[in-house]
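Student: Contents of target-v3.txt (compact mmCIF, C-alpha atoms) are given next:
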# COMPACT_ATOMS: atom_id res chain seq x y z
CA MET A 32 -12.24 -8.94 -4.58
CA ILE A 33 -13.69 -12.41 -5.05
CA ASP A 34 -16.76 -13.23 -2.95
CA ALA A 35 -15.03 -15.96 -0.94
CA ASN A 36 -17.94 -16.27 1.45
CA LYS A 37 -20.16 -17.27 -1.49
CA HIS A 38 -17.78 -19.78 -3.03
CA ILE A 39 -16.36 -21.61 -0.01
CA GLY A 40 -18.07 -24.99 0.12
CA THR A 41 -18.54 -25.29 -3.65
CA CYS A 42 -14.99 -24.55 -4.85
CA ASP A 43 -11.69 -26.24 -4.22
CA VAL A 44 -9.08 -23.86 -2.80
CA LEU A 45 -5.46 -23.78 -3.98
CA PHE A 46 -3.07 -21.48 -2.14
CA ILE A 47 0.46 -21.27 -3.55
CA THR A 48 3.29 -19.27 -2.00
CA LEU A 49 6.31 -18.69 -4.24
CA ASP A 50 8.78 -18.43 -1.40
CA THR A 51 11.07 -15.36 -1.49
CA LEU A 52 9.97 -14.18 -4.95
CA ARG A 53 10.50 -10.46 -5.52
CA TYR A 54 7.84 -8.47 -7.35
CA ASP A 55 10.32 -7.14 -9.91
CA ALA A 56 11.60 -10.64 -10.69
CA ALA A 57 8.05 -11.91 -11.25
CA GLU A 58 7.14 -8.91 -13.38
CA ALA A 59 10.30 -9.28 -15.50
CA ALA A 60 9.65 -12.97 -16.10
CA THR A 61 6.08 -12.27 -17.17
CA ALA A 62 7.10 -9.43 -19.50
CA ALA A 63 9.72 -11.66 -21.12
CA GLY A 64 7.19 -14.44 -21.77
CA MET A 65 9.01 -16.83 -19.42
CA THR A 66 5.90 -17.90 -17.49
CA PRO A 67 3.17 -18.80 -20.00
CA GLU A 68 1.30 -21.14 -17.64
CA LEU A 69 0.91 -18.49 -14.96
CA ALA A 70 0.20 -15.74 -17.49
CA GLY A 71 -2.66 -17.89 -18.77
CA VAL A 72 -4.49 -17.75 -15.42
CA LEU A 73 -3.40 -14.45 -13.86
CA PRO A 74 -6.02 -11.69 -14.15
CA ASP A 75 -5.20 -9.86 -17.41
CA GLY A 76 -2.02 -11.96 -17.48
CA GLN A 77 -0.34 -9.70 -14.90
CA TRP A 78 0.76 -9.75 -11.29
CA GLU A 79 -0.62 -7.24 -8.79
CA ARG A 80 1.97 -5.52 -6.60
CA ARG A 81 1.10 -5.84 -2.92
CA HIS A 82 2.81 -5.42 0.44
CA SER A 83 3.54 -8.51 2.51
CA PRO A 84 2.52 -8.54 6.18
CA GLY A 85 5.88 -10.13 7.04
CA ASN A 86 9.47 -9.85 5.87
CA PHE A 87 10.40 -13.51 6.27
CA THR A 88 8.67 -16.84 5.78
CA TYR A 89 7.51 -17.64 9.30
CA ALA A 90 6.00 -14.23 10.04
CA ALA A 91 4.35 -13.89 6.63
CA HIS A 92 2.72 -17.33 6.69
CA HIS A 93 1.40 -16.90 10.22
CA ALA A 94 -0.34 -13.77 8.96
CA PHE A 95 -1.56 -15.48 5.78
CA PHE A 96 -3.14 -18.40 7.64
CA ALA A 97 -4.97 -15.95 9.95
CA GLY A 98 -6.41 -14.23 6.88
CA PHE A 99 -3.96 -11.36 6.46
CA LEU A 100 -2.91 -11.84 2.85
CA PRO A 101 -0.62 -9.28 1.18
CA THR A 102 -2.22 -5.83 1.22
CA PRO A 103 -2.99 -3.77 -1.91
CA VAL A 104 -0.51 -0.92 -2.27
CA GLY A 105 -3.11 1.88 -2.41
CA PRO A 106 -4.71 3.59 0.60
CA GLY A 107 -7.11 1.39 2.56
CA PRO A 108 -8.97 0.01 4.30
CA HIS A 109 -8.83 -3.12 2.17
CA PRO A 110 -11.42 -5.87 2.82
CA ARG A 111 -9.94 -9.32 3.22
CA LEU A 112 -10.65 -12.53 1.30
CA PHE A 113 -10.40 -14.69 4.45
CA ALA A 114 -10.41 -13.74 8.12
CA ALA A 115 -10.28 -15.45 11.48
CA ARG A 116 -13.18 -14.15 13.53
CA PHE A 117 -12.18 -11.62 16.19
CA PRO A 118 -13.97 -8.61 17.71
CA GLY A 119 -13.35 -5.22 16.18
CA SER A 120 -12.08 -6.31 12.77
CA GLU A 121 -12.40 -3.40 10.33
CA THR A 122 -11.33 -5.31 7.21
CA THR A 123 -14.04 -7.95 6.98
CA CYS A 124 -17.09 -7.49 4.77
CA ASP A 125 -20.01 -9.54 3.44
CA GLU A 126 -17.70 -11.17 0.85
CA THR A 127 -15.07 -12.20 3.43
CA PHE A 128 -15.01 -15.87 4.44
CA VAL A 129 -14.86 -15.60 8.24
CA PHE A 130 -13.81 -18.75 10.09
CA ASP A 131 -14.11 -19.64 13.77
CA ALA A 132 -10.64 -21.11 14.11
CA PRO A 133 -7.11 -19.83 14.65
CA ASP A 134 -6.04 -20.61 11.09
CA LEU A 135 -7.51 -21.04 7.62
CA ALA A 136 -6.79 -24.76 7.33
CA SER A 137 -8.61 -25.53 10.59
CA GLY A 138 -11.48 -23.28 9.52
CA LEU A 139 -11.85 -25.08 6.20
CA THR A 140 -11.63 -28.45 7.94
CA LYS A 141 -14.73 -27.41 9.90
CA CYS A 142 -16.43 -26.73 6.57
CA GLY A 143 -15.76 -30.27 5.37
CA TYR A 144 -12.62 -29.66 3.33
CA ARG A 145 -9.73 -32.11 3.07
CA THR A 146 -6.74 -29.93 3.98
CA ILE A 147 -3.32 -30.78 2.55
CA CYS A 148 0.04 -29.05 2.95
CA VAL A 149 2.93 -29.70 0.56
CA GLY A 150 5.89 -28.04 2.24
CA GLY A 151 9.01 -26.57 0.72
CA VAL A 152 11.32 -24.49 2.90
CA GLY A 153 12.41 -25.57 6.37
CA PHE A 154 9.54 -23.97 8.29
CA PHE A 155 7.30 -26.72 6.86
CA ASN A 156 9.58 -29.71 7.40
CA GLY A 157 8.00 -31.06 10.60
CA ARG A 158 11.45 -32.00 11.91
CA SER A 159 11.43 -29.73 14.95
CA PRO A 160 8.79 -28.13 17.17
CA LEU A 161 9.13 -24.98 15.06
CA GLY A 162 8.87 -26.96 11.83
CA GLU A 163 5.65 -28.57 13.06
CA VAL A 164 3.72 -25.33 13.72
CA PHE A 165 2.32 -24.98 10.19
CA ALA A 166 2.24 -28.71 9.45
CA ARG A 167 -0.11 -29.35 12.38
CA MET A 168 -2.72 -26.98 10.96
CA PHE A 169 -3.49 -29.45 8.17
CA GLN A 170 -5.05 -32.90 8.11
CA GLU A 171 -2.22 -34.03 5.83
CA SER A 172 1.24 -32.49 5.66
CA TYR A 173 4.17 -33.59 3.50
CA TRP A 174 7.83 -32.68 3.43
CA ALA A 175 11.01 -34.46 2.30
CA PRO A 176 14.43 -33.24 1.12
CA GLU A 177 13.39 -33.68 -2.51
CA LEU A 178 10.63 -31.10 -1.92
CA GLY A 179 13.00 -28.54 -0.42
CA VAL A 180 15.51 -25.89 -1.39
CA THR A 181 18.44 -28.27 -1.97
CA ASP A 182 16.79 -30.23 -4.79
CA PRO A 183 16.77 -28.46 -8.20
CA GLN A 184 13.74 -30.57 -9.22
CA SER A 185 11.77 -29.60 -6.10
CA THR A 186 8.76 -28.05 -7.86
CA GLU A 187 8.37 -31.04 -10.16
CA ASN A 188 8.47 -33.31 -7.10
CA GLN A 189 6.01 -31.16 -5.16
CA VAL A 190 3.52 -31.03 -8.02
CA LYS A 191 3.72 -34.78 -8.61
CA LEU A 192 2.92 -35.43 -4.96
CA ALA A 193 0.03 -32.95 -4.99
CA VAL A 194 -1.45 -34.33 -8.22
CA ASP A 195 -1.20 -37.89 -6.91
CA ARG A 196 -3.10 -36.89 -3.77
CA LEU A 197 -5.82 -35.17 -5.80
CA ARG A 198 -6.27 -38.20 -8.03
CA SER A 199 -6.76 -40.41 -4.99
CA LEU A 200 -9.69 -38.33 -3.68
CA ASP A 201 -13.34 -38.39 -4.69
CA ASP A 202 -14.10 -35.40 -6.93
CA LYS A 203 -17.07 -34.60 -4.69
CA GLU A 204 -14.77 -34.00 -1.71
CA ARG A 205 -13.71 -30.37 -1.51
CA VAL A 206 -9.99 -29.80 -1.09
CA PHE A 207 -7.83 -27.04 0.32
CA LEU A 208 -4.26 -27.56 -0.84
CA PHE A 209 -1.43 -25.30 0.25
CA LEU A 210 1.86 -25.46 -1.66
CA ASN A 211 5.01 -23.66 -0.52
CA VAL A 212 7.26 -23.54 -3.59
CA ALA A 213 10.91 -23.83 -2.55
CA ALA A 214 12.74 -23.45 -5.87
CA ILE A 215 12.85 -19.63 -5.92
CA HIS A 216 14.30 -19.44 -2.41
CA GLN A 217 18.08 -19.33 -2.31
CA PRO A 218 20.03 -21.01 -3.77
CA ASN A 219 18.45 -20.34 -7.17
CA CYS A 220 21.47 -19.54 -9.36
CA SER A 221 21.43 -23.09 -10.77
CA TYR A 222 18.37 -22.16 -12.85
CA LEU A 223 20.30 -19.49 -14.79
CA GLU A 224 22.96 -20.82 -17.14
CA GLY A 225 26.43 -19.61 -16.21
CA ALA A 226 25.35 -17.97 -12.94
CA THR A 227 27.33 -18.56 -9.77
CA GLU A 228 25.41 -16.21 -7.46
CA ASP A 229 21.72 -15.58 -6.86
CA SER A 230 20.21 -12.46 -8.43
CA VAL A 231 16.96 -10.97 -9.69
CA GLN A 232 17.70 -12.68 -13.01
CA SER A 233 18.20 -16.10 -11.43
CA GLN A 234 14.94 -15.65 -9.49
CA SER A 235 13.15 -15.03 -12.79
CA ALA A 236 14.79 -18.15 -14.22
CA ALA A 237 13.69 -20.16 -11.17
CA LEU A 238 10.15 -18.88 -11.61
CA ALA A 239 10.25 -19.99 -15.26
CA TYR A 240 11.23 -23.49 -14.10
CA THR A 241 8.41 -23.47 -11.55
CA ASP A 242 5.91 -22.28 -14.15
CA ARG A 243 6.49 -25.39 -16.27
CA HIS A 244 5.07 -27.55 -13.48
CA LEU A 245 2.42 -25.40 -11.74
CA GLY A 246 0.20 -25.48 -14.82
CA ARG A 247 -0.22 -29.24 -14.42
CA LEU A 248 -1.42 -28.81 -10.83
CA ILE A 249 -3.90 -26.08 -11.71
CA ARG A 250 -5.33 -28.16 -14.56
CA GLN A 251 -5.73 -31.18 -12.26
CA PHE A 252 -7.76 -29.06 -9.86
CA ARG A 253 -9.90 -27.72 -12.68
CA ARG A 254 -10.84 -31.26 -13.67
CA ARG A 255 -12.51 -31.62 -10.26
CA ALA A 256 -14.54 -28.45 -9.58
CA PRO A 257 -14.46 -24.66 -9.73
CA LEU A 258 -11.22 -23.40 -8.22
CA LEU A 259 -10.48 -20.45 -5.95
CA CYS A 260 -6.76 -19.92 -6.44
CA ILE A 261 -4.40 -17.57 -4.61
CA ILE A 262 -0.79 -17.27 -5.78
CA THR A 263 1.60 -14.93 -4.02
CA SER A 264 5.07 -14.51 -2.63
CA ASP A 265 5.56 -14.35 1.12
CA HIS A 266 8.37 -11.76 0.89
CA GLY A 267 11.17 -10.67 -1.38
CA THR A 268 14.89 -10.56 -0.75
CA ALA A 269 17.69 -8.03 -1.24
CA TYR A 270 20.65 -8.54 -3.55
CA GLY A 271 22.75 -5.59 -2.42
CA GLU A 272 20.23 -2.76 -2.84
CA ASP A 273 21.28 0.10 -0.51
CA GLY A 274 23.75 -2.31 1.06
CA TYR A 275 21.07 -4.82 2.12
CA HIS A 276 21.32 -8.56 1.55
CA GLY A 277 18.69 -11.22 2.26
CA HIS A 278 15.39 -10.62 4.01
CA ARG A 279 14.04 -10.04 7.53
CA VAL A 280 14.91 -6.42 6.83
CA ALA A 281 12.70 -3.40 6.07
CA HIS A 282 13.37 -2.61 2.41
CA PRO A 283 10.91 -2.20 -0.51
CA VAL A 284 12.39 -5.18 -2.40
CA VAL A 285 11.45 -7.32 0.60
CA TRP A 286 8.00 -5.85 1.26
CA ASP A 287 6.83 -5.70 -2.39
CA VAL A 288 5.43 -9.05 -3.56
CA PRO A 289 3.53 -10.35 -6.60
CA TYR A 290 -0.04 -11.39 -5.87
CA ALA A 291 -3.00 -12.84 -7.75
CA GLU A 292 -6.39 -14.28 -6.81
CA MET A 293 -8.58 -16.01 -9.39
CA LEU A 294 -11.83 -17.90 -9.63
CA LEU A 295 -11.29 -20.51 -12.35
CA ASP A 296 -14.08 -22.50 -13.99
CA PRO A 297 -13.79 -26.28 -14.40
CA LEU A 298 -12.23 -27.48 -17.62
CA PRO A 299 -14.66 -28.99 -20.14
CA VAL A 300 -14.86 -32.77 -20.13
CA LEU A 301 -13.21 -34.13 -23.28
CA ARG A 302 -15.20 -36.76 -25.15
CA PRO A 303 -13.85 -39.07 -27.87
CA ILE A 304 -15.16 -38.64 -31.40
CA GLY A 305 -18.37 -40.59 -31.78
CA SER A 306 -18.90 -40.83 -28.01
CA ALA A 307 -22.45 -41.34 -26.86
CA GLY A 308 -21.85 -39.36 -23.72
CA ARG A 309 -19.04 -41.07 -21.84
CA GLY A 310 -16.32 -38.63 -20.82
CA VAL A 311 -12.63 -39.45 -20.78
Do you think you could lay out the structure here as structure tokens?

Tutor:
Amino acid sequence: MIDANKHIGTCDVLFITLDTLRYDAAEAATAAGMTPELAGVLPDGQWERRHSPGNFTYAAHHAFFAGFLPTPVGPGPHPRLFAARFPGSETTCDETFVFDAPDLASGLTKCGYRTICVGGVGFFNGRSPLGEVFARMFQESYWAPELGVTDPQSTENQVKLAVDRLRSLDDKERVFLFLNVAAIHQPNCSYLEGATEDSVQSQSAALAYTDRHLGRLIRQFRRRAPLLCIITSDHGTAYGEDGYHGHRVAHPVVWDVPYAEMLLDPLPVLRPIGSAGRGV
């Protein structure tokens, strides 16, 4: 586990949820070489299989923002990377970043971070009292139809917005950016040529599309400062296994999610040939 308590305050924090991505779809895409950008930053180039604390987006993200990230599959207890302070917690340790706030974004705001949410699925759209719950946790929150599940270029649009915001900020200002990737959520069959229905294969294809754009965002962060990066799915979804379809059901394909946490060093500053010290 990364010593989050040590690095909060000196690192930027990037938290990406790949909404609805199944573990087996992520693993298949990685094995097939479909996600080179992610493979380049994942520990040993592989996903870790974990169990989500929720079987649909709203429940899982409420848990995430309180510090209950997906749990390692082996026997516990498992210390947590982040945790809201409350009496009796048995999963905090010296390396856990403990915040005195109801959610991670508010806790990092107290630590001087600029907190930004780039929404994807409807729970982040701010268009109803329910859609405002997560958005209100952040100092800045963005959502538009072109960032959501109905736009096949949603990840490209989300990353452009996020990169533009980063470029507008002073590199000395620490940033917590949360990105909820919508492209893998249904409908995703448009990312697989010839497909008319969603499947594990079309999820992998959607992840490959997403991969082409996430690398740009990660590199932009690494031009600013060291980066603490968490990438995970919130839950999976069923495509007919044992008669189940969708999520908000108790089935292993819903509970099993891909997870990764990384501490990434800043990228070296490139200098033109013959430069006397001015970076570009």

Student: Could you check which residues have any atom within 7 Å of (8.0, -14.3, -16.6), counting all atoms listed in the file with coordinates taken straight from the file, and then list them as JSON, numbers by chain?

Tutor: {"A": [57, 58, 59, 60, 61, 62, 63, 64, 65, 66, 235, 239]}

Student: Which residue, A:Glu68, A:Asp55, A:Glu79, A:Asp287, has the smallest gap to His266 (chain A) when you use all atoms listed in the file?

Tutor: A:Asp287

Student: Compute the distance from (-13.7, -18.7, 7.7) to each atom, counting only C-alpha atoms, keep the residues with any atom at most 10 Å away, and return them as a list of chain:residue names; use the coordinates of the file.

Tutor: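 Looking at atoms near the point gives A:Ala35, A:Asn36, A:Ile39, A:Ala97, A:Gly98, A:Leu112, A:Phe113, A:Ala114, A:Ala115, A:Arg116, A:Thr127, A:Phe128, A:Val129, A:Phe130, A:Asp131, A:Ala132, A:Pro133, A:Asp134, A:Leu135, A:Ala136, A:Ser137, A:Gly138, A:Leu139, A:Thr140, A:Lys141, A:Cys142.
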
Student: Near Val149 (chain A), within 9 Å and counting only C-alpha atoms, which residues show up once chain neighbours fewer than 6 positions away are dropped, as a list in words?

Tutor: Phe155, Ala166, Glu171, Ser172, Tyr173, Trp174, Leu178, Gln189, Val190, Leu192, Ala193, Leu208, Phe209, Leu210, Asn211 and Val212 of chain A

Student: Given 5 Å of margin on each side, can you work out the centre and size in Å (one decimal) of an axis-aligned box holding every listed atom of region 86-104 of chain A, as lines of an AutoDock Vina configuration file?

Tutor:
center_x = 2.0
center_y = -9.7
center_z = 4.0
size_x = 26.8
size_y = 27.5
size_z = 22.5

Student: Which residues are near Asp75 (chain A)? Cut-off 12 Å, all atoms listed in the file, ignore same chain within fewer than 6 positions. Put them as a PDB file with C-alpha atoms, keeping the file's coordinate frame.

Tutor:
ATOM      1  CA  THR A  61       6.080 -12.270 -17.170  1.00  0.00           C
ATOM      2  CA  LEU A  69       0.910 -18.490 -14.960  1.00  0.00           C
ATOM      3  CA  ALA A 291      -3.000 -12.840  -7.750  1.00  0.00           C
ATOM      4  CA  GLU A 292      -6.390 -14.280  -6.810  1.00  0.00           C
ATOM      5  CA  MET A 293      -8.580 -16.010  -9.390  1.00  0.00           C
TER       6      MET A 293
END

Student: I'd like to know which of A:Ala175, A:Leu73, A:Ile215, A:Val44 is closest to Ile147 (chain A), using only C-alpha atoms.

Tutor: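 Using only C-alpha atoms, Ile147 (chain A) sits closest to A:Val44.
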
Student: Compile the contact shell of region 183-186 of chain A as a ChimeraX atom specification: residues with an atom at most 7 Å away, counting only C-alpha atoms, same-chain residues fewer than 5 positions apart removed.

Tutor: /A:177-178,212-214,241,244

Student: Mind checking which residues fall within 7 Å of Arg145 (chain A), counting only C-alpha atoms, ignoring those fewer than 5 positions away in the same chain, and posting them as a ChimeraX atom specification?

Tutor: /A:140,170,205-207

Student: What is the distance between CA of Gly151 (chain A) and CA of Ile47 (chain A), in Å to one decimal?

Tutor: 10.9 Å

Student: Which one is closest to Ser83 (chain A): A:Asp50, A:Pro160, A:Pro297, A:Asp265? Count all atoms listed in the file.

Tutor: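 The answer is A:Asp265, which sits nearest to Ser83 (chain A).
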
Student: Which is closest to Ala70 (chain A) among A:Cys124, A:Leu238, A:Leu45, A:Leu161, if we use all atoms listed in the file?

Tutor: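 Closest residue, counting all atoms listed in the file: A:Leu238.
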
Student: Between CA of Gly76 (chain A) and CA of Thr122 (chain A), what is the spacing in Å?

Tutor: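 Computing the Euclidean distance for CA of Thr122 (chain A) and CA of Gly76 (chain A) yields 27.2 Å.
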
Student: Could you check how far CA of Ile261 (chain A) sits from CA of Ser120 (chain A), in Å to one decimal?

Tutor: 22.1 Å

Student: Check the smallest atom-to-atom distance from each of A:Thr146, A:Arg111, A:Leu100, A:Asp296 to Phe252 (chain A) using only C-alpha atoms, then report the winner.

Tutor: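 Closest residue, counting only C-alpha atoms: A:Asp296.
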
Student: Write out as a list of chain:residue names the residues lying within 9 Å of Pro283 (chain A), counting all atoms listed in the file and excluding same-chain residues fewer than 5 positions away.

Tutor: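 With the cut-off at 9 Å, the set is A:His82, A:Gly267, A:Ala269.
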
Student: Between A:Trp78, A:Phe154, A:Tyr270, A:Phe165, which residue has the minimum interatomic distance to Pro103 (chain A), considering all atoms listed in the file?

Tutor: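 The closest residue to Pro103 (chain A) is A:Trp78.
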
Student: Step by step: locate region 116-148 of chain A in the block above, keep C-alpha atoms, then write the file as an mmCIF file, in the first residue's frame.

Tutor:
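Final output, part-v2.cif:
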data_model
loop_
_atom_site.group_PDB
_atom_site.id
_atom_site.type_symbol
_atom_site.label_atom_id
_atom_site.label_comp_id
_atom_site.auth_asym_id
_atom_site.auth_seq_id
_atom_site.Cartn_x
_atom_site.Cartn_y
_atom_site.Cartn_z
ATOM 1 C CA ARG A 116 -12.105 9.836 10.621
ATOM 2 C CA PHE A 117 -14.555 7.915 12.799
ATOM 3 C CA PRO A 118 -14.196 6.115 16.155
ATOM 4 C CA GLY A 119 -13.438 2.421 16.110
ATOM 5 C CA SER A 120 -12.029 2.121 12.590
ATOM 6 C CA GLU A 121 -9.981 -1.080 12.329
ATOM 7 C CA THR A 122 -8.675 -0.486 8.799
ATOM 8 C CA THR A 123 -6.672 2.704 9.264
ATOM 9 C CA CYS A 124 -2.934 2.637 9.867
ATOM 10 C CA ASP A 125 0.001 5.058 9.962
ATOM 11 C CA GLU A 126 0.073 5.158 6.130
ATOM 12 C CA THR A 127 -3.652 5.971 5.806
ATOM 13 C CA PHE A 128 -4.555 9.567 4.972
ATOM 14 C CA VAL A 129 -7.288 10.275 7.533
ATOM 15 C CA PHE A 130 -9.458 13.319 6.850
ATOM 16 C CA ASP A 131 -11.834 15.194 9.145
ATOM 17 C CA ALA A 132 -14.627 15.564 6.613
ATOM 18 C CA PRO A 133 -17.490 13.443 5.301
ATOM 19 C CA ASP A 134 -15.824 12.888 1.925
ATOM 20 C CA LEU A 135 -12.374 12.816 0.348
ATOM 21 C CA ALA A 136 -12.858 15.922 -1.800
ATOM 22 C CA SER A 137 -13.832 18.043 1.208
ATOM 23 C CA GLY A 138 -10.936 16.590 3.185
ATOM 24 C CA LEU A 139 -8.441 17.475 0.462
ATOM 25 C CA THR A 140 -9.948 20.949 0.131
ATOM 26 C CA LYS A 141 -9.038 21.469 3.802
ATOM 27 C CA CYS A 142 -5.476 20.491 2.895
ATOM 28 C CA GLY A 143 -5.280 23.201 0.245
ATOM 29 C CA TYR A 144 -6.095 21.138 -2.832
ATOM 30 C CA ARG A 145 -8.096 22.419 -5.791
ATOM 31 C CA THR A 146 -10.788 19.745 -6.163
ATOM 32 C CA ILE A 147 -12.288 19.092 -9.598
ATOM 33 C CA CYS A 148 -14.914 16.576 -10.719
#
